[in-house]
Amino acid sequence: MQLWTAFLHTGVVGKSVLAILLLFSVLSWATMIVVAQRFRRSDAASRRFTSVFRKAKRLADVQAATKELVHSSLVGLFKAGYAEIEAQIAHGDTKVRSLDSVERSLIRATRIESARLQRFVPFLATTAAATPFIGLFGTVWGIMEAFTTMGSMATTSITAVAPGISEALINTAAGLFAAVPALLAYNHFVQRLRQARGQMEDFTLEFLNLTERNFT
């Protein structure tokens with residue numbers, strides 16, 4: 001109730017700053033949920049796909065299994081590599097003509113899958129960087145209002161300056177409330193992305209080794 005009362009006594013600028021910070025906070029939490037679900041689905045599907053890939057005797061068998069594992073980032077790499085192999089042996093050849101072309105297709109697919117995984121993640125960095133300064137603006141504005149009130153009323157009474165100081169402190173807290181979770185989530189997702197890229201690099205090497213053994 002005290003926070004709500006303090007909010008009601010803030011000025012138009014203070015309410016506007018709080019509204020902006022609330023919007024950033026809501027959007028950042030929504031982003032965290034969406035991205036976390038994306039990584040969770042991708043990890044689960046990748047574990048299943050890796051098991052299928054290593055047990056399969058033919059690449060065609062793996063291709064058939066990819067339909068149920070579309071959330072895996074490794075599936076995108078496999079499809080790109082498999083399509084390149086098929087294109088090279090389409091004219092009746094049993095060997096690939098260029099292993100480098102297969103590798104390039106896998107590298108390109110890695111970039112595409114990395115971009116898919118990190119979609120919306122930069123917004124968390126923006127929230128973490130911008131909201132403290134937005135809150136700081138509200139803080140400075142609240143202090144300015146407190147000094148203006150002191151000057152107009154010719155008094156240093158706490159009662160006179162309380163609304164302005166309260167507005168300043170609320171905006172400071174709101175800025176930190178929006179920034180801290182976004183920063184922690186951003187660092188977490190960056191680490192998850194590094195792990196995913198490492199997994200894709202390992203799969204690329206494994207796929208190239210398999211291709212070299214069977215199609216060269």
# chains A, B, ... in the order shown; residues from 1 in each chain; ligands from 1
$ residues_around --residues "Val96 of chain A" --least-positions-apart "5" --cutoff "10 Å" --atoms "only C-alpha atoms" --output "ChimeraX atom specification"
/A:84-90,101-102,211-212,214-216
$ write_last_selection --atoms "N, CA, C and O atoms" --output "PDB file, in the first residue's frame"
ATOM      1  N   GLU A  84      23.609 -31.440 -49.473  1.00  0.00           N
ATOM      2  CA  GLU A  84      24.808 -31.232 -50.281  1.00  0.00           C
ATOM      3  C   GLU A  84      25.351 -32.562 -50.802  1.00  0.00           C
ATOM      4  O   GLU A  84      25.766 -32.664 -51.967  1.00  0.00           O
ATOM      5  N   ILE A  85      25.346 -33.585 -49.964  1.00  0.00           N
ATOM      6  CA  ILE A  85      25.799 -34.910 -50.410  1.00  0.00           C
ATOM      7  C   ILE A  85      24.905 -35.443 -51.521  1.00  0.00           C
ATOM      8  O   ILE A  85      25.388 -35.955 -52.538  1.00  0.00           O
ATOM      9  N   GLU A  86      23.602 -35.317 -51.327  1.00  0.00           N
ATOM     10  CA  GLU A  86      22.662 -35.787 -52.351  1.00  0.00           C
ATOM     11  C   GLU A  86      22.864 -35.055 -53.672  1.00  0.00           C
ATOM     12  O   GLU A  86      22.764 -35.651 -54.745  1.00  0.00           O
ATOM     13  N   ALA A  87      23.119 -33.754 -53.590  1.00  0.00           N
ATOM     14  CA  ALA A  87      23.332 -32.977 -54.809  1.00  0.00           C
ATOM     15  C   ALA A  87      24.581 -33.433 -55.549  1.00  0.00           C
ATOM     16  O   ALA A  87      24.614 -33.442 -56.792  1.00  0.00           O
ATOM     17  N   GLN A  88      25.607 -33.819 -54.802  1.00  0.00           N
ATOM     18  CA  GLN A  88      26.852 -34.236 -55.441  1.00  0.00           C
ATOM     19  C   GLN A  88      26.782 -35.651 -56.010  1.00  0.00           C
ATOM     20  O   GLN A  88      27.502 -35.965 -56.966  1.00  0.00           O
ATOM     21  N   ILE A  89      25.949 -36.504 -55.445  1.00  0.00           N
ATOM     22  CA  ILE A  89      25.874 -37.888 -55.954  1.00  0.00           C
ATOM     23  C   ILE A  89      24.598 -38.108 -56.774  1.00  0.00           C
ATOM     24  O   ILE A  89      24.237 -39.246 -57.057  1.00  0.00           O
ATOM     25  N   ALA A  90      23.964 -37.018 -57.147  1.00  0.00           N
ATOM     26  CA  ALA A  90      22.681 -37.126 -57.860  1.00  0.00           C
ATOM     27  C   ALA A  90      22.826 -37.705 -59.262  1.00  0.00           C
ATOM     28  O   ALA A  90      21.862 -38.219 -59.825  1.00  0.00           O
ATOM     29  N   SER A 101      32.778 -28.494 -49.890  1.00  0.00           N
ATOM     30  CA  SER A 101      31.428 -27.976 -50.108  1.00  0.00           C
ATOM     31  C   SER A 101      30.478 -28.450 -49.013  1.00  0.00           C
ATOM     32  O   SER A 101      29.616 -27.693 -48.555  1.00  0.00           O
ATOM     33  N   VAL A 102      30.653 -29.692 -48.604  1.00  0.00           N
ATOM     34  CA  VAL A 102      29.841 -30.223 -47.511  1.00  0.00           C
ATOM     35  C   VAL A 102      30.130 -29.450 -46.228  1.00  0.00           C
ATOM     36  O   VAL A 102      29.217 -29.070 -45.492  1.00  0.00           O
ATOM     37  N   THR A 211      31.124 -38.714 -43.553  1.00  0.00           N
ATOM     38  CA  THR A 211      31.074 -38.504 -45.004  1.00  0.00           C
ATOM     39  C   THR A 211      32.354 -38.952 -45.673  1.00  0.00           C
ATOM     40  O   THR A 211      32.339 -39.593 -46.727  1.00  0.00           O
ATOM     41  N   GLU A 212      33.474 -38.620 -45.039  1.00  0.00           N
ATOM     42  CA  GLU A 212      34.772 -39.001 -45.613  1.00  0.00           C
ATOM     43  C   GLU A 212      34.954 -40.513 -45.649  1.00  0.00           C
ATOM     44  O   GLU A 212      35.504 -41.054 -46.620  1.00  0.00           O
ATOM     45  N   ASN A 214      32.517 -42.798 -45.847  1.00  0.00           N
ATOM     46  CA  ASN A 214      31.529 -43.510 -46.665  1.00  0.00           C
ATOM     47  C   ASN A 214      31.368 -42.990 -48.091  1.00  0.00           C
ATOM     48  O   ASN A 214      30.808 -43.694 -48.926  1.00  0.00           O
ATOM     49  N   PHE A 215      31.800 -41.739 -48.347  1.00  0.00           N
ATOM     50  CA  PHE A 215      31.534 -41.176 -49.668  1.00  0.00           C
ATOM     51  C   PHE A 215      32.767 -40.647 -50.368  1.00  0.00           C
ATOM     52  O   PHE A 215      32.661 -39.929 -51.354  1.00  0.00           O
ATOM     53  N   THR A 216      33.957 -40.994 -49.885  1.00  0.00           N
ATOM     54  CA  THR A 216      35.172 -40.565 -50.586  1.00  0.00           C
ATOM     55  C   THR A 216      36.080 -41.762 -50.843  1.00  0.00           C
ATOM     56  O   THR A 216      35.890 -42.831 -50.296  1.00  0.00           O
TER      57      THR A 216
END
$ residues_around --residues "Phe123 of chain A" --least-positions-apart "5" --cutoff "10 Å" --atoms "only C-alpha atoms" --output "VMD selection string"
chain A and resid 24 27 to 28 31 to 32 128 to 129 182 186
$ residues_around --residues "Ser46 of chain A" --least-positions-apart "4" --cutoff "7 Å" --atoms "only C-alpha atoms" --output "MDAnalysis selection string"
chainID A and resid 42 50 72:74
$ atom_distance --atom1 "atom CA of Ala168 of chain A" --atom2 "atom CA of Leu183 of chain A"
22.6 Å
$ residues_around --residues "Val17 of chain A" --least-positions-apart "6" --cutoff "7 Å" --atoms "only C-alpha atoms" --output "list in words"
Ile134, Gly135 and Gly138 of chain A
$ residues_around --residues "Ile20 of chain A" --least-positions-apart "2" --cutoff "12 Å" --atoms "only C-alpha atoms" --output "number ranges by chain"
A: 13-18, 22-27, 127, 130-135, 137-138, 171, 174-175, 178
$ closest_residue --among "A:Ser114, A:Pro122, A:Thr66, A:Ile143" --to "Arg192 of chain A" --atoms "only C-alpha atoms"
A:Ser114
$ residues_around --residues "Glu113 of chain A" --least-positions-apart "2" --cutoff "9 Å" --atoms "only C-alpha atoms" --output "short mmCIF file (atom, residue, chain, number, x, y, z; two decimals) with all heavy atoms, in the first residue's frame"
data_model
loop_
_atom_site.label_atom_id
_atom_site.label_comp_id
_atom_site.auth_asym_id
_atom_site.auth_seq_id
_atom_site.Cartn_x
_atom_site.Cartn_y
_atom_site.Cartn_z
N SER A 73 18.79 -28.06 -33.11
CA SER A 73 19.67 -27.28 -33.98
C SER A 73 20.53 -28.20 -34.85
O SER A 73 20.94 -27.83 -35.95
CB SER A 73 20.57 -26.37 -33.13
OG SER A 73 21.29 -27.13 -32.18
N LEU A 74 20.78 -29.42 -34.36
CA LEU A 74 21.60 -30.37 -35.13
C LEU A 74 20.87 -30.88 -36.36
O LEU A 74 21.51 -31.26 -37.35
CB LEU A 74 22.01 -31.55 -34.24
CG LEU A 74 22.80 -31.20 -32.97
CD1 LEU A 74 23.20 -32.47 -32.24
CD2 LEU A 74 24.03 -30.37 -33.32
N GLY A 76 19.07 -29.10 -38.36
CA GLY A 76 19.33 -28.14 -39.43
C GLY A 76 20.68 -28.39 -40.08
O GLY A 76 20.81 -28.30 -41.31
N LEU A 77 21.67 -28.72 -39.27
CA LEU A 77 22.99 -29.01 -39.82
C LEU A 77 22.97 -30.29 -40.65
O LEU A 77 23.53 -30.35 -41.75
CB LEU A 77 24.02 -29.17 -38.68
CG LEU A 77 24.74 -27.91 -38.22
CD1 LEU A 77 23.78 -26.95 -37.51
CD2 LEU A 77 25.90 -28.27 -37.29
N ARG A 108 27.47 -22.86 -42.80
CA ARG A 108 26.37 -21.92 -43.05
C ARG A 108 25.15 -22.30 -42.20
O ARG A 108 24.49 -21.43 -41.63
CB ARG A 108 26.00 -21.92 -44.53
CG ARG A 108 24.87 -20.97 -44.89
CD ARG A 108 24.64 -20.93 -46.39
NE ARG A 108 23.56 -20.04 -46.72
CZ ARG A 108 22.28 -20.38 -46.73
NH1 ARG A 108 21.93 -21.63 -46.42
NH2 ARG A 108 21.34 -19.50 -47.05
N ALA A 109 24.86 -23.59 -42.11
CA ALA A 109 23.73 -24.05 -41.31
C ALA A 109 23.96 -23.74 -39.83
O ALA A 109 23.01 -23.41 -39.09
CB ALA A 109 23.51 -25.55 -41.51
N THR A 110 25.22 -23.82 -39.38
CA THR A 110 25.53 -23.48 -37.99
C THR A 110 25.19 -22.03 -37.70
O THR A 110 24.63 -21.70 -36.64
CB THR A 110 27.02 -23.73 -37.70
OG1 THR A 110 27.31 -25.13 -37.87
CG2 THR A 110 27.39 -23.32 -36.29
N ARG A 111 25.52 -21.15 -38.63
CA ARG A 111 25.21 -19.73 -38.44
C ARG A 111 23.70 -19.50 -38.40
O ARG A 111 23.20 -18.71 -37.59
CB ARG A 111 25.84 -18.91 -39.56
CG ARG A 111 27.37 -18.89 -39.51
CD ARG A 111 27.95 -18.21 -40.73
NE ARG A 111 29.41 -18.21 -40.67
CZ ARG A 111 30.20 -17.89 -41.70
NH1 ARG A 111 29.66 -17.54 -42.86
NH2 ARG A 111 31.51 -17.90 -41.57
N ALA A 115 21.65 -18.16 -35.11
CA ALA A 115 20.79 -16.98 -35.17
C ALA A 115 19.38 -17.30 -34.69
O ALA A 115 18.73 -16.48 -34.03
CB ALA A 115 20.76 -16.44 -36.60
N ARG A 116 18.91 -18.50 -35.01
CA ARG A 116 17.57 -18.90 -34.56
C ARG A 116 17.52 -19.04 -33.05
O ARG A 116 16.56 -18.58 -32.40
CB ARG A 116 17.18 -20.23 -35.21
CG ARG A 116 15.79 -20.72 -34.82
CD ARG A 116 15.50 -22.08 -35.44
NE ARG A 116 16.35 -23.13 -34.90
CZ ARG A 116 16.09 -23.79 -33.78
NH1 ARG A 116 15.02 -23.50 -33.04
NH2 ARG A 116 16.91 -24.75 -33.36
N LEU A 117 18.55 -19.64 -32.47
CA LEU A 117 18.57 -19.85 -31.03
C LEU A 117 18.66 -18.53 -30.26
O LEU A 117 18.09 -18.39 -29.18
CB LEU A 117 19.74 -20.76 -30.64
CG LEU A 117 19.60 -22.24 -30.97
CD1 LEU A 117 20.89 -22.98 -30.63
CD2 LEU A 117 18.43 -22.87 -30.22
N GLN A 118 19.41 -17.57 -30.80
CA GLN A 118 19.63 -16.33 -30.06
C GLN A 118 18.62 -15.24 -30.41
O GLN A 118 18.76 -14.10 -29.96
CB GLN A 118 21.04 -15.80 -30.30
CG GLN A 118 21.28 -15.28 -31.72
CD GLN A 118 22.69 -14.74 -31.88
OE1 GLN A 118 23.47 -14.71 -30.94
NE2 GLN A 118 23.03 -14.30 -33.08
N ARG A 197 26.67 -23.93 -29.69
CA ARG A 197 27.62 -23.81 -30.80
C ARG A 197 28.71 -24.86 -30.71
O ARG A 197 29.14 -25.41 -31.73
CB ARG A 197 28.24 -22.41 -30.78
CG ARG A 197 27.30 -21.32 -31.31
CD ARG A 197 27.92 -19.94 -31.15
NE ARG A 197 27.08 -18.90 -31.74
CZ ARG A 197 27.24 -17.61 -31.53
NH1 ARG A 197 28.22 -17.19 -30.72
NH2 ARG A 197 26.45 -16.73 -32.11
#
$ residues_around --residues "Arg58 of chain A" --least-positions-apart "5" --cutoff "12 Å" --atoms "only C-alpha atoms" --output "ChimeraX atom specification"
/A:52-53,63-65,82,210-211,214-215
$ write_last_selection --atoms "C-alpha atoms" --output "compact mmCIF listing (two decimals), in the first residue's frame"
# COMPACT_ATOMS: atom_id res chain seq x y z
CA VAL A 52 19.52 -41.71 -33.65
CA PHE A 53 22.43 -40.41 -35.72
CA GLN A 63 16.79 -38.22 -42.62
CA ALA A 64 13.55 -40.07 -41.92
CA ALA A 65 13.88 -39.45 -38.19
CA TYR A 82 22.73 -34.36 -46.37
CA LEU A 210 31.30 -40.03 -41.55
CA THR A 211 31.07 -38.50 -45.00
CA ASN A 214 31.53 -43.51 -46.66
CA PHE A 215 31.53 -41.18 -49.67
$ atom_distance --atom1 "atom CA of Pro181 of chain A" --atom2 "atom CA of Gly11 of chain A"
26.9 Å
$ select_by_dssp --residues "segment 44-85 of chain A" --states "alpha helix (DSSP H)" --output "count of residues only"
32
$ closest_residue --among "A:Val12, A:Val75, A:Val62, A:Asp100" --to "Ala45 of chain A" --atoms "only C-alpha atoms"
A:Val75
